[in-house]
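**Student:** Once you've had a glance at the structure underneath, I'll fire off some questions.
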Amino acid sequence: MNEIWQHLQERAAAQGEREIRDLFEDGNRARDFSASIGDLHFDYAKTNIDNDTRAALLQLFEAADVAGRRNAMFSGAAINRTEGRAVLHTALRNLDGGPVEVDGKDVMPQVKATLARMRDFAKKIRESEITDVVNIGIGGSDLGPAMAVAALAPYHDGPRCHFVSNVDGAHIADTLRGLDAKKTLVIVASKTFTTIETMSNALTARAWMRDHGGDPSRQFAALSTAEDKTAAFGIASEQVFGFEDWVGGRYSVWGPIGLSLMIAIGPKGFDAFLRGAQEMDRHFRAAEPVENLPVMLALVGIWHNQICGHATRAVLPYDQRLALLPAYLQQLEMESNGKRVQIDGTDLERDSGPVVWGAAGTNGQHAFYQLIHQGTRVIPCEFLVAARGHEEELAHQHLLLLANCLAQSKALMLGRSLEQARELMAAKGLKGSALEEAAAHRVFPGNRPSTTLIYPRLDPFTLGQIIALYEHRVFVEGVILNINSFDQWGVELGKELATSLQPVLEGTEGTEGQDGSTAALVAYIARHRG
Ligand code: F6P
């Protein structure tokens, strides 16, 4: 495997003067450097990956035995080694697939029974007097449903959905203000049912409901793996939707954690969402690596990050309703592959997964694209866009959106040379040193890589495909880097220290033993807390 990495490193170094645009001398490049599943199309032609580089990347896929690890995941093996768990979020969307066994027991009857209960509950709520649903959760118990509910706004025909995650009281206070406690359903979403942010907000919501004439015994539901804790909180078992520990938090939108989405778009829409994901699962398991979207998305990612050394990747949905996608992917990718050791605990041999960031286009164009085009670092960009919007009467605006999206990837690749900049300035009448100075500011280096994921329209099925695509991309990258993508020990230390700092902030413990900076901040807070 080391020789393949070495070879790829040499290929990156040997690119020299060859530019991405030069690769288009091969007239078939757009066809050959793209992959599709149905109408979902991934174009990676505007990267500096050529045939030889791709062949070497595909060798990485083989050498890491991604196919073997993929089969182990789908078959219910305990691939999450540090937690001794299977990884089976795919079972949640295995709507018409075969049995899936964990420790010799088929989990599908339970998955289907819970889904049937969710459907009944969602129908009941949609037909009731409930006007608003508040999902209280954080991380994977918030980002997935919040992102998907926003993405599928045109399909909403149920109650309004709100999401509260932050322990900052401002979040729940602003959300509950204006809601009718008698017509609100509160969903407490927490895999563990111990997360301090969620439990604090749940208690606040329960007190609010009681104080304002609502009935928490009827108007609270829970989504969790910890049914003893949901019972202790006082939520009736028929309003509790359980799942197993083989569903990771950031992979959990497909099951009970997706209840708010199901209530918003209805059980049929939710089924379409699951079917889209199921189709991606089938594709991931069956398609040849070079035609396999998750595999190619991952290999392009590895090329840019671990080989070319581009430490960040911008996710740029030209789709306002996907504005939360970068935040969702931050958890999915950075919590999964932000690790410093390999599965066996030895040091990682290369960089961990990239920093993922971004915002919806065209807004980002008027904010941070300056740096993407002319900054000194290269930032691979990942564009997403629908050929068609939902607002038929605003089709002209959608065309403008598309034009901007295509223009950005083109500008990144082609750039503007000093010569072209000089011509532009000369045409404006500038001469001599004034011309040179003005031209220098107008040069775009170009040769900056991007990919585009394009789809007909953002409907529930397509969203399911896209999310499952990213999940499997993370998996492939994790296998190639030999990372356990399914634990998250890196979030523990901060949680522990927050707990130990609480009595210090309350003043029941002193600041002895704290570092000087923390002690000074505690003193500042004490002076200003009132
Ligand atoms: O802090 C990280 C984390 O454990 C995430 O992995 C998870 O999605 C989130 O907290 C919320 O956890 P829970 O669903 O158990 O409340």
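How things are named: the first chain in the structure tokens is A, the next is B, and so on; residues count from 1 in each chain; ligands count from 1 in the order shown.
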DSSP on the backbone, then: every residue of segment 131-201 of chain A marked strand (DSSP E), written as a ChimeraX atom specification.

**Tutor:** /A:132-136,160-164,184-189

**Student:** Would you export the selected residues with N, CA and C atoms as a compact mmCIF listing (two decimals), in the first residue's frame, please?

**Tutor:**
```txt
# COMPACT_ATOMS: atom_id res chain seq x y z
N ASP A 132 -47.34 22.79 15.79
CA ASP A 132 -45.89 22.96 15.80
C ASP A 132 -45.21 21.78 16.48
N VAL A 133 -44.09 21.38 15.92
CA VAL A 133 -43.30 20.30 16.50
C VAL A 133 -41.94 20.89 16.85
N VAL A 134 -41.49 20.65 18.08
CA VAL A 134 -40.16 21.12 18.48
C VAL A 134 -39.28 19.90 18.73
N ASN A 135 -38.27 19.73 17.88
CA ASN A 135 -37.32 18.64 18.07
C ASN A 135 -36.17 19.16 18.92
N ILE A 136 -35.99 18.54 20.09
CA ILE A 136 -34.87 18.92 20.97
C ILE A 136 -33.81 17.84 20.87
N ARG A 160 -45.61 22.76 11.46
CA ARG A 160 -44.29 23.40 11.35
C ARG A 160 -43.30 22.69 12.27
N CYS A 161 -42.05 22.59 11.82
CA CYS A 161 -41.03 21.94 12.65
C CYS A 161 -39.97 22.94 13.08
N HIS A 162 -39.59 22.87 14.33
CA HIS A 162 -38.53 23.73 14.87
C HIS A 162 -37.47 22.84 15.50
N PHE A 163 -36.26 23.33 15.55
CA PHE A 163 -35.15 22.54 16.10
C PHE A 163 -34.41 23.33 17.15
N VAL A 164 -34.29 22.74 18.32
CA VAL A 164 -33.55 23.38 19.41
C VAL A 164 -32.38 22.46 19.76
N THR A 184 -48.51 22.15 20.75
CA THR A 184 -47.12 21.86 20.38
C THR A 184 -46.75 20.45 20.81
N LEU A 185 -46.07 19.75 19.92
CA LEU A 185 -45.49 18.44 20.27
C LEU A 185 -44.00 18.64 20.48
N VAL A 186 -43.48 18.16 21.60
CA VAL A 186 -42.04 18.22 21.84
C VAL A 186 -41.45 16.83 21.65
N ILE A 187 -40.46 16.74 20.78
CA ILE A 187 -39.78 15.46 20.57
C ILE A 187 -38.39 15.57 21.20
N VAL A 188 -38.11 14.73 22.17
CA VAL A 188 -36.77 14.74 22.77
C VAL A 188 -35.96 13.65 22.06
N ALA A 189 -34.99 14.12 21.27
CA ALA A 189 -34.21 13.20 20.43
C ALA A 189 -32.81 13.06 21.02
```

**Student:** Using only C-alpha atoms and all ligand atoms, find each residue with an atom at most 10 Å away from ligand 1 and format the answer as a PyMOL selection string.

**Tutor:** chain A and resi 136-144+165+188-199+223-226+248-252+257+331-332+335-336+486-492+494-495

**Student:** Tell me which protein, DNA and RNA residues are within 12 Å of Ala116 of chain A, counting only C-alpha atoms, leaving out same-chain ones fewer than 6 positions away, and put them as a list in words.

**Tutor:**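 The residues satisfying every condition are Leu95, Pro109, Gln110, Ala122, Lys123, Phe241, Gly255, Pro256, Leu259, Met262, Pro267, Lys268, Phe270 and Asp271 of chain A.
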
**Student:** Residues within 10 Å of Asp50 of chain A, please, as a list in words. Count only C-alpha atoms; anything in the same chain fewer than 2 positions from it doesn't count.

**Tutor:**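 Contacts, with the query itself left out: Arg11, Ile20, Leu23, Arg29, Asp32, Phe33, Ala45, Thr47, Asn48, Asp52, Thr53, Arg54 and Ala55 of chain A.
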
**Student:** Quote the spacing between atom CA of Ile466 of chain A and atom CA of Arg70 of chain A in Å to one decimal place.

**Tutor:**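 Straight-line distance from atom CA of Ile466 of chain A to atom CA of Arg70 of chain A works out to 18.3 Å.
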
**Student:** Determine which residues of segment 155-380 of chain A receive a DSSP assignment of alpha helix (DSSP H), computed from the backbone, and state them as a PyMOL selection string.

**Tutor:** chain A and resi 169-176+196-211+216-219+227-233+259-286+293-302+325-329+336-337+369-374

**Student:** Please provide as JSON, numbers by chain all residues within 8 Å of Pro99 of chain A, with the sequence filter that same-chain residues fewer than 4 positions apart are discarded (counting only C-alpha atoms).

**Tutor:** {"A": [106, 107, 108]}

**Student:** For the residues in the current selection, export N, CA and C atoms as a PDB file, in the first residue's frame.

**Tutor:**
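File produced: again_16.pdb:
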```pdb
ATOM      1  N   ASP A 106     -31.907 -11.608  13.280  1.00  0.00           N
ATOM      2  CA  ASP A 106     -32.344 -10.696  12.212  1.00  0.00           C
ATOM      3  C   ASP A 106     -32.947  -9.439  12.843  1.00  0.00           C
ATOM      4  N   VAL A 107     -32.372  -8.274  12.497  1.00  0.00           N
ATOM      5  CA  VAL A 107     -32.872  -7.035  13.118  1.00  0.00           C
ATOM      6  C   VAL A 107     -34.031  -6.420  12.328  1.00  0.00           C
ATOM      7  N   MET A 108     -34.287  -6.937  11.116  1.00  0.00           N
ATOM      8  CA  MET A 108     -35.269  -6.264  10.258  1.00  0.00           C
ATOM      9  C   MET A 108     -36.698  -6.251  10.812  1.00  0.00           C
TER      10      MET A 108
END
```

**Student:** Give me the residues near segment 341-345 of chain A as an mmCIF file with N, CA and C atoms, in the first residue's frame, where near means some atom within 9 Å (using only C-alpha atoms) and where sequence neighbours in that chain fewer than 4 positions away do not count.

**Tutor:**
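Produced file selection-v3.cif, reproduced below:
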```cif
data_model
loop_
_atom_site.group_PDB
_atom_site.id
_atom_site.type_symbol
_atom_site.label_atom_id
_atom_site.label_comp_id
_atom_site.auth_asym_id
_atom_site.auth_seq_id
_atom_site.Cartn_x
_atom_site.Cartn_y
_atom_site.Cartn_z
ATOM 1 N N ARG A 81 -14.791 -1.059 16.191
ATOM 2 C CA ARG A 81 -14.027 -1.867 17.136
ATOM 3 C C ARG A 81 -13.916 -1.229 18.519
ATOM 4 N N THR A 82 -13.705 0.063 18.590
ATOM 5 C CA THR A 82 -13.498 0.666 19.919
ATOM 6 C C THR A 82 -14.773 0.657 20.768
ATOM 7 N N GLU A 349 -0.883 7.323 9.563
ATOM 8 C CA GLU A 349 0.327 7.531 8.747
ATOM 9 C C GLU A 349 0.224 8.753 7.844
ATOM 10 N N SER A 352 -5.496 13.255 8.704
ATOM 11 C CA SER A 352 -6.875 12.785 8.889
ATOM 12 C C SER A 352 -7.758 13.472 7.852
ATOM 13 N N LEU A 481 -7.859 5.201 4.986
ATOM 14 C CA LEU A 481 -6.950 5.789 5.985
ATOM 15 C C LEU A 481 -6.772 4.874 7.199
ATOM 16 N N ASN A 482 -7.538 3.772 7.200
ATOM 17 C CA ASN A 482 -7.508 2.815 8.315
ATOM 18 C C ASN A 482 -7.950 3.462 9.634
ATOM 19 N N ILE A 483 -9.022 4.239 9.519
ATOM 20 C CA ILE A 483 -9.609 4.937 10.674
ATOM 21 C C ILE A 483 -10.905 4.217 11.075
ATOM 22 N N ASN A 484 -11.221 4.221 12.369
ATOM 23 C CA ASN A 484 -12.563 3.807 12.759
ATOM 24 C C ASN A 484 -13.457 5.039 12.626
#
```

**Student:** Tell me which of A:Val247, A:Asn201, A:Cys308, A:Gly446 sits closest to Ala14 of chain A, counting only C-alpha atoms.

**Tutor:** A:Cys308

**Student:** Leaving out Ala439 of chain A and any residue of its chain fewer than 4 positions from it, which residues lie within 9 Å of it when counting only C-alpha atoms, given as a PDB file with C-alpha atoms, in the first residue's frame?

**Tutor:**
```
ATOM      1  CA  LEU A 418      -1.608  38.388 -16.369  1.00  0.00           C
ATOM      2  CA  GLU A 419      -1.723  38.942 -20.090  1.00  0.00           C
ATOM      3  CA  GLN A 420      -5.533  38.889 -20.138  1.00  0.00           C
ATOM      4  CA  ALA A 421      -5.609  41.210 -17.144  1.00  0.00           C
ATOM      5  CA  ARG A 422      -3.255  43.623 -18.905  1.00  0.00           C
ATOM      6  CA  GLU A 423      -5.480  43.614 -21.987  1.00  0.00           C
ATOM      7  CA  LEU A 424      -8.491  44.428 -19.844  1.00  0.00           C
ATOM      8  CA  MET A 425      -6.706  47.340 -18.198  1.00  0.00           C
ATOM      9  CA  ALA A 434      -0.665  52.098 -13.385  1.00  0.00           C
ATOM     10  CA  LEU A 435      -1.633  49.387 -15.876  1.00  0.00           C
ATOM     11  CA  VAL A 443      -5.090  37.971 -12.100  1.00  0.00           C
TER      12      VAL A 443
END
```

**Student:** Which value, in Å to one decimal, gives the distance between atom CA of Arg416 of chain A and atom CA of Pro354 of chain A?

**Tutor:** 27.9 Å

**Student:** Do you have the atom CA of Leu324 of chain A-atom CA of Ser200 of chain A distance handy?

**Tutor:**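 Going from atom CA of Leu324 of chain A over to atom CA of Ser200 of chain A, I get 24.1 Å.
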
**Student:** Compare A:Ala440, A:Ala173, A:Ala151, A:Ala360 by their minimum atom-to-atom distance to Asn404 of chain A, counting only C-alpha atoms, and give me the closest one.

**Tutor:**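 Result for the nearest residue to Asn404 of chain A: A:Ala360.
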